[in-house]
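Undergrad: Pasting start-v4.txt below, which is compact mmCIF, C-alpha atoms.
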# COMPACT_ATOMS: atom_id res chain seq x y z
CA MET A 1 77.02 -18.11 -44.72
CA PRO A 2 75.16 -18.06 -48.07
CA VAL A 3 74.16 -14.66 -49.41
CA GLU A 4 71.01 -14.19 -51.50
CA SER A 5 71.49 -12.45 -54.81
CA GLY A 6 69.54 -9.29 -55.67
CA SER A 7 67.72 -10.89 -58.63
CA SER A 8 66.41 -13.82 -56.58
CA ALA A 9 65.18 -11.45 -53.81
CA ALA A 10 63.29 -9.33 -56.30
CA SER A 11 61.76 -12.46 -57.81
CA ARG A 12 60.60 -13.64 -54.38
CA GLN A 13 59.01 -10.27 -53.54
CA ALA A 14 57.11 -10.28 -56.83
CA LYS A 15 55.91 -13.80 -56.13
CA GLN A 16 54.66 -12.85 -52.63
CA LYS A 17 52.90 -9.82 -54.12
CA ARG A 18 51.13 -11.98 -56.66
CA LYS A 19 50.18 -14.48 -53.95
CA SER A 20 48.76 -11.76 -51.73
CA HIS A 21 46.79 -10.43 -54.66
CA SER A 22 45.32 -13.87 -55.28
CA LEU A 23 43.89 -14.00 -51.76
CA SER A 24 42.01 -10.69 -52.04
CA ILE A 25 38.28 -10.74 -52.85
CA ARG A 26 37.18 -8.03 -55.20
CA ARG A 27 33.61 -6.79 -55.22
CA THR A 28 32.01 -5.98 -58.56
CA ASN A 29 28.56 -5.23 -60.00
CA SER A 30 29.25 -7.22 -63.17
CA THR A 31 27.30 -10.28 -64.21
CA GLU A 32 28.28 -13.81 -63.24
CA GLN A 33 29.84 -14.43 -66.65
CA GLU A 34 32.07 -11.36 -66.40
CA ARG A 35 33.04 -12.39 -62.86
CA THR A 36 33.96 -15.91 -64.06
CA GLY A 37 35.98 -14.56 -66.98
CA LEU A 38 37.88 -12.22 -64.73
CA GLN A 39 38.66 -15.05 -62.34
CA ARG A 40 40.05 -17.19 -65.17
CA GLU A 41 42.30 -14.36 -66.33
CA MET A 42 43.57 -13.97 -62.78
CA LEU A 43 44.27 -17.68 -62.56
CA GLU A 44 46.23 -17.73 -65.78
CA GLY A 45 48.30 -14.72 -64.71
CA GLN A 46 49.31 -16.17 -61.35
CA ASP A 47 52.26 -18.42 -60.55
CA SER A 48 50.87 -21.26 -58.39
CA LYS A 49 51.68 -24.93 -57.98
CA LEU A 50 48.00 -25.81 -57.45
CA PRO A 51 46.15 -27.48 -60.30
CA LEU A 52 44.00 -25.12 -62.36
CA SER A 53 40.76 -27.03 -61.58
CA LEU A 54 41.38 -26.84 -57.84
CA ARG A 55 42.13 -23.15 -58.03
CA SER A 56 38.91 -22.61 -60.02
CA ASN A 57 36.86 -24.46 -57.39
CA LEU A 58 38.43 -22.34 -54.64
CA LEU A 59 37.54 -19.14 -56.44
CA ASP A 60 33.96 -20.37 -56.92
CA LEU A 61 33.70 -21.05 -53.21
CA PHE A 62 35.10 -17.63 -52.34
CA GLY A 63 32.58 -16.08 -54.70
CA GLN A 64 29.71 -17.84 -52.95
CA ILE A 65 31.01 -16.62 -49.58
CA GLU A 66 31.20 -13.09 -50.93
CA ARG A 67 27.60 -13.22 -52.15
CA GLU A 68 26.42 -14.50 -48.75
CA PHE A 69 28.18 -11.63 -47.02
CA GLU A 70 26.54 -9.19 -49.42
CA ASN A 71 23.08 -10.58 -48.61
CA LEU A 72 23.76 -10.43 -44.86
CA TYR A 73 25.04 -6.88 -45.19
CA ILE A 74 21.89 -5.76 -47.03
CA GLU A 75 19.61 -7.51 -44.50
CA ASN A 76 21.52 -5.93 -41.64
CA ILE A 77 21.05 -2.45 -43.11
CA GLU A 78 17.30 -3.01 -43.59
CA SER A 79 16.94 -4.51 -40.11
CA SER A 80 18.84 -1.63 -38.55
CA HIS A 81 16.52 0.84 -40.26
CA SER A 82 13.40 -1.01 -39.06
CA THR A 83 14.78 -1.27 -35.51
CA SER A 84 15.50 2.43 -35.47
CA GLN A 85 11.92 3.18 -36.53
CA LEU A 86 10.52 0.80 -33.88
CA SER A 87 12.75 2.29 -31.19
CA GLN A 88 11.63 5.79 -32.08
CA LYS A 89 7.99 4.72 -32.02
CA LEU A 90 8.42 3.13 -28.58
CA LYS A 91 10.14 6.22 -27.24
CA THR A 92 7.35 8.44 -28.52
CA THR A 93 4.63 6.21 -27.04
CA TYR A 94 6.43 5.86 -23.70
CA LYS A 95 7.01 9.59 -23.47
CA ALA A 96 3.37 10.35 -24.19
CA SER A 97 2.14 7.77 -21.64
CA THR A 98 4.56 8.98 -18.98
CA SER A 99 3.55 12.59 -19.55
CA LYS A 100 -0.09 11.61 -19.18
CA ILE A 101 0.58 9.77 -15.92
CA VAL A 102 2.65 12.60 -14.50
CA SER A 103 -0.01 15.14 -15.47
CA SER A 104 -2.67 13.05 -13.75
CA PHE A 105 -0.48 12.72 -10.67
CA LYS A 106 0.15 16.44 -10.50
CA ALA A 107 -3.54 17.19 -10.86
CA THR A 108 -4.36 14.78 -8.05
CA THR A 109 -1.82 16.16 -5.62
CA SER A 110 -2.75 19.75 -6.38
CA ARG A 111 -6.46 19.26 -5.76
CA ALA A 112 -6.60 16.47 -3.20
CA VAL A 113 -5.14 18.34 -0.24
CA CYS A 114 -5.02 16.65 3.16
CA GLN A 115 -4.26 19.04 5.99
CA LEU A 116 -3.14 18.36 9.52
CA VAL A 117 -5.44 20.52 11.62
CA LYS A 118 -4.98 19.58 15.27
CA GLU A 119 -2.73 17.46 17.50
CA TYR A 120 -4.09 15.96 20.72
CA ALA A 121 -1.17 15.40 23.10
CA GLY A 122 -1.35 14.42 26.76
CA HIS A 123 -1.05 10.64 27.07
CA ARG A 124 2.09 9.21 28.65
CA ASP A 125 2.19 6.10 26.47
CA GLY A 126 1.06 4.87 23.09
CA ILE A 127 -2.59 5.32 22.09
CA TRP A 128 -4.21 2.02 21.08
CA ASP A 129 -7.66 3.17 20.03
CA LEU A 130 -9.76 6.25 19.36
CA SER A 131 -13.35 6.99 18.46
CA VAL A 132 -15.80 9.85 17.98
CA THR A 133 -19.13 10.02 19.80
CA ARG A 134 -22.22 9.31 17.71
CA THR A 135 -24.44 11.74 19.63
CA GLN A 136 -24.12 15.30 20.88
CA PRO A 137 -21.86 16.67 22.18
CA VAL A 138 -19.40 15.35 19.59
CA VAL A 139 -16.05 14.72 21.26
CA LEU A 140 -12.98 12.60 20.53
CA GLY A 141 -12.12 9.70 22.82
CA THR A 142 -8.71 8.00 23.13
CA ALA A 143 -7.56 4.88 25.03
CA SER A 144 -3.90 4.53 25.95
CA ALA A 145 -1.41 2.05 27.33
CA ASP A 146 -0.87 4.53 30.20
CA HIS A 147 -3.99 3.02 31.89
CA SER A 148 -6.16 6.04 31.01
CA ALA A 149 -8.82 7.18 28.57
CA MET A 150 -9.35 10.81 27.58
CA LEU A 151 -12.07 12.93 26.03
CA TRP A 152 -11.00 15.84 23.81
CA SER A 153 -12.56 18.92 22.29
CA ILE A 154 -12.15 18.39 18.55
CA GLU A 155 -11.98 22.08 17.72
CA THR A 156 -9.60 23.28 20.44
CA GLY A 157 -7.54 20.15 21.12
CA LYS A 158 -8.18 20.62 24.85
CA CYS A 159 -8.57 17.62 27.17
CA LEU A 160 -12.10 17.68 28.63
CA LEU A 161 -12.02 14.64 30.89
CA LYS A 162 -9.61 11.90 31.91
CA TYR A 163 -10.72 8.46 33.13
CA VAL A 164 -8.22 6.62 35.33
CA GLY A 165 -10.37 3.79 36.71
CA HIS A 166 -8.56 0.89 35.06
CA ALA A 167 -5.87 -1.03 36.90
CA GLY A 168 -4.12 -2.17 33.73
CA SER A 169 -3.10 -0.88 30.33
CA ALA A 170 -6.42 0.34 28.92
CA SER A 171 -8.44 -2.83 29.71
CA GLY A 172 -5.53 -4.99 30.79
CA ASP A 173 -7.35 -5.63 34.06
CA GLN A 174 -9.70 -7.99 32.13
CA THR A 175 -12.73 -5.73 32.64
CA ALA A 176 -14.74 -3.28 30.56
CA HIS A 177 -15.92 -0.05 32.22
CA ILE A 178 -18.91 2.11 31.34
CA TRP A 179 -18.69 5.61 32.81
CA ARG A 180 -20.86 8.67 32.45
CA TYR A 181 -19.56 12.15 31.86
CA MET A 182 -20.75 15.71 31.62
CA VAL A 183 -18.48 18.05 29.72
CA GLN A 184 -18.74 21.64 28.69
CA LEU A 185 -17.23 22.27 25.29
CA PRO A 186 -14.93 25.29 25.20
CA THR A 187 -15.53 28.09 22.74
CA PRO A 188 -13.53 27.34 19.58
CA GLN A 189 -10.74 29.77 18.84
CA PRO A 190 -10.12 31.02 15.27
CA VAL A 191 -7.84 28.61 13.46
CA ALA A 192 -4.96 30.09 11.49
CA ASP A 193 -4.96 29.15 7.83
CA ILE A 194 -1.76 27.17 7.61
CA SER A 195 -1.04 25.75 4.18
CA GLN A 196 0.19 22.17 4.28
CA PRO A 197 1.96 20.09 1.62
CA PRO A 198 -0.17 17.83 -0.58
CA CYS A 199 -1.03 14.27 0.35
CA ASP A 200 1.81 12.48 -1.39
CA ASP A 201 4.69 14.21 0.36
CA ASP A 202 7.53 11.71 0.05
CA ILE A 203 9.73 13.21 2.74
CA ASP A 204 10.17 10.67 5.53
CA PHE A 205 10.70 11.08 9.24
CA SER A 206 13.96 10.76 11.03
CA ASP A 207 13.15 8.12 13.63
CA LYS A 208 13.58 10.34 16.64
CA ASP A 209 12.27 9.65 20.11
CA GLU A 210 9.72 11.76 21.85
CA ALA A 211 10.65 14.25 24.53
CA ASP A 212 11.68 12.86 27.88
CA GLY A 213 8.80 14.62 29.62
CA ASP A 214 5.64 12.76 30.51
CA GLY A 215 3.42 15.06 28.44
CA GLU A 216 0.68 15.50 31.00
CA GLY A 217 -1.22 17.92 28.79
CA PRO A 218 -3.41 20.67 30.24
CA ASN A 219 -3.29 20.77 34.03
CA GLU A 220 -6.93 21.78 34.34
CA CYS A 221 -8.22 18.52 32.77
CA PRO A 222 -10.58 16.92 35.34
CA SER A 223 -10.40 13.20 36.03
CA ILE A 224 -12.73 10.51 37.35
CA ARG A 225 -11.94 7.09 38.84
CA MET A 226 -15.30 5.39 39.36
CA ALA A 227 -17.17 3.51 36.65
CA SER A 228 -20.95 3.44 36.64
CA THR A 229 -20.89 -0.14 35.33
CA THR A 230 -18.14 -2.75 35.35
CA LEU A 231 -18.43 -5.73 33.00
CA ARG A 232 -16.60 -8.84 34.18
CA SER A 233 -16.19 -12.46 32.97
CA HIS A 234 -13.22 -12.24 30.60
CA GLN A 235 -10.08 -14.19 31.46
CA GLY A 236 -7.73 -12.03 29.40
CA VAL A 237 -7.07 -8.48 28.25
CA VAL A 238 -10.16 -6.72 26.88
CA ILE A 239 -8.87 -5.30 23.61
CA ALA A 240 -12.01 -3.74 22.08
CA ALA A 241 -15.65 -2.90 22.75
CA ASP A 242 -18.61 -1.55 20.78
CA TRP A 243 -22.28 -0.73 21.32
CA LEU A 244 -24.94 -2.89 19.69
CA VAL A 245 -27.63 -0.94 17.84
CA GLY A 246 -30.15 0.42 20.34
CA GLY A 247 -27.58 1.17 23.03
CA LYS A 248 -28.82 -1.43 25.52
CA GLN A 249 -26.14 -4.04 24.88
CA VAL A 250 -22.38 -3.88 24.42
CA VAL A 251 -19.91 -6.35 22.85
CA THR A 252 -16.37 -6.83 24.14
CA ALA A 253 -13.43 -8.72 22.56
CA SER A 254 -10.64 -10.28 24.59
CA TRP A 255 -7.35 -12.10 24.39
CA ASP A 256 -9.13 -15.06 26.02
CA ARG A 257 -10.34 -15.92 22.48
CA ALA A 258 -13.95 -14.94 23.23
CA ALA A 259 -16.28 -12.01 22.61
CA ASN A 260 -18.97 -11.29 25.18
CA LEU A 261 -22.37 -9.67 24.77
CA TYR A 262 -23.56 -7.86 27.91
CA ASP A 263 -26.77 -6.21 29.04
CA VAL A 264 -25.78 -2.69 30.08
CA GLU A 265 -28.49 -2.13 32.71
CA THR A 266 -27.92 -5.37 34.61
CA SER A 267 -24.21 -5.95 33.73
CA GLU A 268 -25.15 -9.57 33.02
CA LEU A 269 -23.44 -11.70 30.37
CA VAL A 270 -26.00 -12.46 27.65
CA HIS A 271 -23.85 -14.47 25.21
CA SER A 272 -20.26 -15.64 25.07
CA LEU A 273 -19.15 -15.80 21.45
CA THR A 274 -16.54 -18.55 21.27
CA GLY A 275 -14.90 -20.37 18.38
CA HIS A 276 -11.74 -18.43 17.53
CA ASP A 277 -8.53 -20.43 17.92
CA GLN A 278 -6.36 -17.51 19.04
CA GLU A 279 -6.63 -14.10 20.71
CA LEU A 280 -9.20 -11.63 19.42
CA THR A 281 -7.94 -8.33 18.07
CA HIS A 282 -11.12 -6.34 17.39
CA CYS A 283 -14.90 -6.32 17.36
CA CYS A 284 -17.38 -4.13 15.51
CA THR A 285 -21.17 -3.83 15.36
CA HIS A 286 -23.37 -2.95 12.40
CA PRO A 287 -24.74 0.63 12.58
CA THR A 288 -28.36 -0.37 11.91
CA GLN A 289 -28.65 -4.17 12.36
CA ARG A 290 -27.93 -6.64 15.16
CA LEU A 291 -24.77 -7.96 13.55
CA VAL A 292 -21.31 -8.34 15.11
CA VAL A 293 -18.00 -9.09 13.43
CA THR A 294 -14.96 -10.27 15.41
CA SER A 295 -11.38 -10.58 14.17
CA SER A 296 -8.57 -12.71 15.52
CA ARG A 297 -4.93 -13.69 15.33
CA ASP A 298 -6.10 -17.05 13.90
CA THR A 299 -6.25 -15.32 10.44
CA THR A 300 -10.07 -15.39 10.40
CA PHE A 301 -12.94 -13.06 11.17
CA ARG A 302 -16.44 -14.18 12.16
CA LEU A 303 -19.86 -12.71 11.49
CA TRP A 304 -22.38 -13.17 14.32
CA ASP A 305 -26.09 -12.65 13.54
CA PHE A 306 -28.46 -11.69 16.39
CA ARG A 307 -31.32 -10.41 14.24
CA ASP A 308 -33.42 -13.48 15.02
CA PRO A 309 -33.63 -13.90 18.83
CA SER A 310 -34.12 -17.65 18.50
CA ILE A 311 -31.21 -18.27 16.12
CA HIS A 312 -27.68 -16.93 16.59
CA SER A 313 -25.81 -17.91 13.46
CA VAL A 314 -22.10 -17.51 12.85
CA ASN A 315 -20.06 -17.48 9.63
CA VAL A 316 -16.29 -17.93 9.47
CA PHE A 317 -14.22 -16.20 6.78
CA GLN A 318 -10.68 -17.25 5.92
CA GLY A 319 -9.50 -14.70 3.40
CA HIS A 320 -6.22 -13.68 5.08
CA THR A 321 -2.88 -15.38 5.72
CA ASP A 322 -1.93 -13.54 8.93
CA THR A 323 -3.56 -11.86 11.92
CA VAL A 324 -6.79 -10.06 11.06
CA THR A 325 -6.29 -6.78 12.92
CA SER A 326 -9.81 -5.43 12.32
CA ALA A 327 -13.03 -5.98 10.40
CA VAL A 328 -15.66 -3.25 10.13
CA PHE A 329 -19.11 -2.80 8.64
CA THR A 330 -20.07 -0.16 6.12
CA VAL A 331 -23.47 1.52 5.86
CA GLY A 332 -24.32 -0.81 2.98
CA ASP A 333 -23.93 -4.57 2.82
CA ASN A 334 -20.14 -4.73 3.01
CA VAL A 335 -17.48 -5.77 5.48
CA VAL A 336 -13.92 -4.49 5.17
CA SER A 337 -11.10 -6.45 6.82
CA GLY A 338 -7.46 -5.50 7.41
CA SER A 339 -4.58 -7.78 8.26
CA ASP A 340 -0.92 -8.11 9.16
CA ASP A 341 -0.54 -9.84 5.78
CA ARG A 342 -0.48 -6.28 4.33
CA THR A 343 -3.84 -6.57 2.60
CA VAL A 344 -7.30 -5.09 3.01
CA LYS A 345 -10.27 -6.98 1.58
CA VAL A 346 -13.79 -5.79 0.81
CA TRP A 347 -16.58 -8.36 1.21
CA ASP A 348 -20.23 -8.46 0.22
CA LEU A 349 -22.52 -9.67 3.02
CA LYS A 350 -24.79 -11.34 0.48
CA ASN A 351 -21.96 -13.44 -0.97
CA MET A 352 -18.89 -13.68 1.23
CA ARG A 353 -17.21 -16.64 -0.45
CA SER A 354 -14.54 -14.38 -1.90
CA PRO A 355 -13.70 -10.67 -1.60
CA ILE A 356 -14.99 -8.25 -4.20
CA ALA A 357 -11.83 -6.12 -3.91
CA THR A 358 -8.33 -6.59 -2.51
CA ILE A 359 -5.94 -3.80 -1.57
CA ARG A 360 -2.26 -4.78 -1.37
CA THR A 361 0.10 -2.56 0.62
CA ASP A 362 3.73 -2.50 1.74
CA SER A 363 3.07 -2.62 5.50
CA ALA A 364 0.85 -4.32 8.06
CA VAL A 365 -2.60 -2.73 8.39
CA ASN A 366 -4.07 -1.89 11.81
CA ARG A 367 -7.58 -0.74 12.83
CA ILE A 368 -9.22 0.61 9.71
CA SER A 369 -12.30 2.82 9.36
CA VAL A 370 -14.75 3.55 6.54
CA SER A 371 -16.44 6.91 6.02
CA VAL A 372 -20.22 6.79 6.18
CA SER A 373 -21.26 8.90 3.18
CA GLN A 374 -18.40 8.47 0.68
CA ARG A 375 -17.24 4.97 1.77
CA ILE A 376 -13.55 5.87 1.82
CA ILE A 377 -11.28 3.44 3.70
CA ALA A 378 -8.59 4.88 5.97
CA LEU A 379 -5.66 2.48 6.43
CA PRO A 380 -3.30 3.05 9.41
CA HIS A 381 0.03 1.24 8.94
CA ASP A 382 2.92 -0.06 10.99
CA ASN A 383 5.27 2.09 8.86
CA ARG A 384 3.71 5.36 10.21
CA GLN A 385 1.66 5.98 7.07
CA VAL A 386 -2.08 6.54 6.69
CA ARG A 387 -3.48 5.85 3.23
CA LEU A 388 -6.94 6.39 1.74
CA PHE A 389 -8.63 4.01 -0.72
CA ASP A 390 -12.08 3.69 -2.20
CA MET A 391 -14.19 0.54 -1.94
CA SER A 392 -13.01 -0.76 -5.31
CA GLY A 393 -9.39 -0.70 -4.16
CA VAL A 394 -8.24 2.49 -5.92
CA ARG A 395 -5.72 4.52 -3.95
CA LEU A 396 -6.88 8.09 -3.39
CA ALA A 397 -4.22 9.70 -1.21
CA ARG A 398 -1.61 9.38 1.48
CA LEU A 399 -1.72 11.71 4.47
CA PRO A 400 1.20 14.15 4.85
CA HIS A 401 4.24 12.54 6.40
CA SER A 402 7.41 14.57 6.88
CA ASN A 403 9.77 15.75 9.58
CA ARG A 404 7.31 18.53 10.40
CA GLN A 405 3.99 16.71 10.65
CA GLY A 406 2.40 13.29 10.91
CA HIS A 407 3.03 10.30 13.13
CA ARG A 408 6.51 9.35 14.31
CA ARG A 409 5.64 5.78 15.31
CA MET A 410 3.26 3.01 14.28
CA VAL A 411 -0.28 4.25 13.54
CA CYS A 412 -2.72 2.07 15.47
CA CYS A 413 -6.18 3.28 14.57
CA SER A 414 -8.23 5.65 12.40
CA ALA A 415 -11.74 7.07 12.79
CA TRP A 416 -13.94 9.22 10.52
CA CYS A 417 -16.17 12.11 11.63
CA GLU A 418 -17.61 13.53 8.43
CA ASP A 419 -20.06 15.88 10.15
CA ASN A 420 -17.26 17.95 11.65
CA SER A 421 -16.23 20.95 9.57
CA SER A 422 -12.68 21.25 10.88
CA CYS A 423 -11.50 17.64 11.32
CA ASN A 424 -13.18 14.78 9.48
CA LEU A 425 -10.54 12.08 10.05
CA PHE A 426 -8.55 11.12 13.15
CA SER A 427 -5.57 8.84 13.70
CA CYS A 428 -3.53 7.74 16.73
CA GLY A 429 -0.37 5.79 17.34
CA PHE A 430 2.55 4.79 19.52
CA ASP A 431 3.95 8.34 19.38
CA ARG A 432 1.46 9.18 22.20
CA GLN A 433 -0.61 11.56 20.14
CA ALA A 434 -3.85 11.68 18.19
CA ILE A 435 -4.07 13.82 15.06
CA GLY A 436 -7.08 15.51 13.48
CA TRP A 437 -7.03 15.82 9.68
CA ASN A 438 -9.12 17.74 7.19
CA ILE A 439 -9.61 15.66 4.03
CA ASN A 440 -10.82 17.37 0.88
CA ILE A 441 -13.13 14.51 -0.05
CA PRO A 442 -14.71 16.12 -3.17
CA ALA A 443 -11.24 16.66 -4.64
CA LEU A 444 -10.28 13.06 -3.92
CA LEU A 445 -13.36 11.65 -5.61
CA GLN A 446 -13.06 14.02 -8.57
CA GLU A 447 -9.78 12.42 -9.59
CA LYS A 448 -11.06 8.82 -9.47
Would you mind writing the file's structure down as structure tokens?

TA:
Amino acid sequence: MPVESGSSAASRQAKQKRKSHSLSIRRTNSTEQERTGLQREMLEGQDSKLPLSLRSNLLDLFGQIEREFENLYIENIESSHSTSQLSQKLKTTYKASTSKIVSSFKATTSRAVCQLVKEYAGHRDGIWDLSVTRTQPVVLGTASADHSAMLWSIETGKCLLKYVGHAGSASGDQTAHIWRYMVQLPTPQPVADISQPPCDDDIDFSDKDEADGDGEGPNECPSIRMASTTLRSHQGVVIAADWLVGGKQVVTASWDRAANLYDVETSELVHSLTGHDQELTHCCTHPTQRLVVTSSRDTTFRLWDFRDPSIHSVNVFQGHTDTVTSAVFTVGDNVVSGSDDRTVKVWDLKNMRSPIATIRTDSAVNRISVSVSQRIIALPHDNRQVRLFDMSGVRLARLPHSNRQGHRRMVCCSAWCEDNSSCNLFSCGFDRQAIGWNINIPALLQEK
């Protein structure tokens, strides 16, 4: 086996060292002429089998690469500095904007307090609808799937009268009943000042069932079974009813796809309002004019005009993509419609080609109501929430909803009563109870 001598090994190591040195790229601040001269000296001092011209070209190319890397390095440093400044500016702006939003939110929740004042419990099944009387004495009325309707004292929460004349769930017997009552309002008891959380309490309910008991309510609540007037002619469930201005006629809406206008004194059918393609869900009358609006599962609502006795016009509006659960008039010239498509739309009676405002929510909307003086819309939802918006679509508040208060099931209906000092908003739902709320309206509007 051949053995390498010490002199040849040393020579090879020196050669490798020189070769490694030739591949290194040295950075310098000298001029191009000095750089070229240095390169030539390096070439002459190196032992290589490559021609001198080729080695010179290689060094020129490596020099160009070095200069390109220098330019990129400088640009990268400048870009990094600019990016850092931009990032800092964005952080400062975002922080300021977020602080402003949070401050506004805190101010709203601290001032706009919505308090649960009274719970009205006594029905055995879900409550579909509720309303407040327009004349004295002012009482709360509820209609339930337990075949009964109840009148309540707003201040005490006591049941004043129970009507059990229907043979079906509310008006599932395909009739509408008019019954007269005489009630004596109890003396209101002092209400304890119980502080409630602000409107936007994010704590949710645990979906627990109600108690197994029937929840009869007060035993002393009197009941009646006979109606003074029974309105017949529908072929399906009567789902809603309302008084036409003047109090001499009443409108009913049914699952038979028709709304009927009756004369109260004679119980005769005056007009049958047909045209909807599917079941009706609600009807509402204008507070001061002979106008009726009906809503339906066919995704439309219709405006019926009885102001001219000789002409009964009808307009069809197709602004929703799912069941229109309700459409109501305001004191002015507006109609507000709610739908299972999770939207609420505000319309102008003078130009109803398109809505003037649209409210988009995260849950189906049920029977809405609009306050008379401040025109605040109360939205009851399938997800157990009740939200408040103004007519331009700005959200004002959400009613308290936690494991201590609020509805435990779907909220079916809402109704305003602004003249009452203790409760000015009511809601009801499938949890078998109605709730009276006190809404600090001035605080809500102050934060608009």

Undergrad: Would you mind reading off the distance between atom CA of Arg55 of chain A and atom CA of Asn71 of chain A, one decimal, in Å?

TA: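 These atoms are spaced 24.7 Å apart.
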
Undergrad: Looking at only C-alpha atoms, which of A:Ala327, A:Asn334, A:Ser422, A:Arg342 is the one that sits closest to Thr156 of chain A?

TA: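 Under the stated criterion, the closest residue is A:Ser422.
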
Undergrad: Using only C-alpha atoms for the distances, tell me which of A:Gly319, A:Gly236, A:Gly63, A:Gly429 is nearest to Thr175 of chain A.

TA: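 For Thr175 of chain A, the nearest of the given residues is A:Gly236.
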
Undergrad: Taking (-22.6, -6.5, 17.1) as a centre in this file's frame and 9 Å as the limit, can you find every polymer residue with an atom that close, using only C-alpha atoms, and give them as a list in words?

TA: Asp242, Trp243, Leu244, Val245, Gln249, Val250, Val251, Leu261, Cys283, Cys284, Thr285, His286, Pro287, Gln289, Arg290, Leu291, Val292, Val293, Thr294, Leu303, Trp304, Asp305 and Phe306 of chain A

Undergrad: Expressed in Å to a single decimal, how great is the separation between atom CA of Asp277 of chain A and atom CA of Asp333 of chain A?

TA: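 Pair atom CA of Asp277 of chain A / atom CA of Asp333 of chain A returns 26.8 Å.
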
Undergrad: Point out the residue among A:Thr300, A:Gln174, A:Thr325, A:Thr133 with the least atom-to-atom distance to Ser254 of chain A, counting all atoms listed in the file.

TA: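 That would be A:Gln174, the residue with the smallest distance to Ser254 of chain A.
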
Undergrad: Go through A:Arg395, A:His282, A:His166, A:Lys248 one by one, measure the shortest atom-to-atom distance of each to Ile368 of chain A using all atoms listed in the file, and give the residue with the smallest value.

TA: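 Closest residue, counting all atoms listed in the file: A:His282.
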
Undergrad: For Ala258 of chain A, please output as a count of residues only all residues within 10 Å (counting all atoms listed in the file; exclusion window: fewer than 2 positions along the same chain).

TA: 21
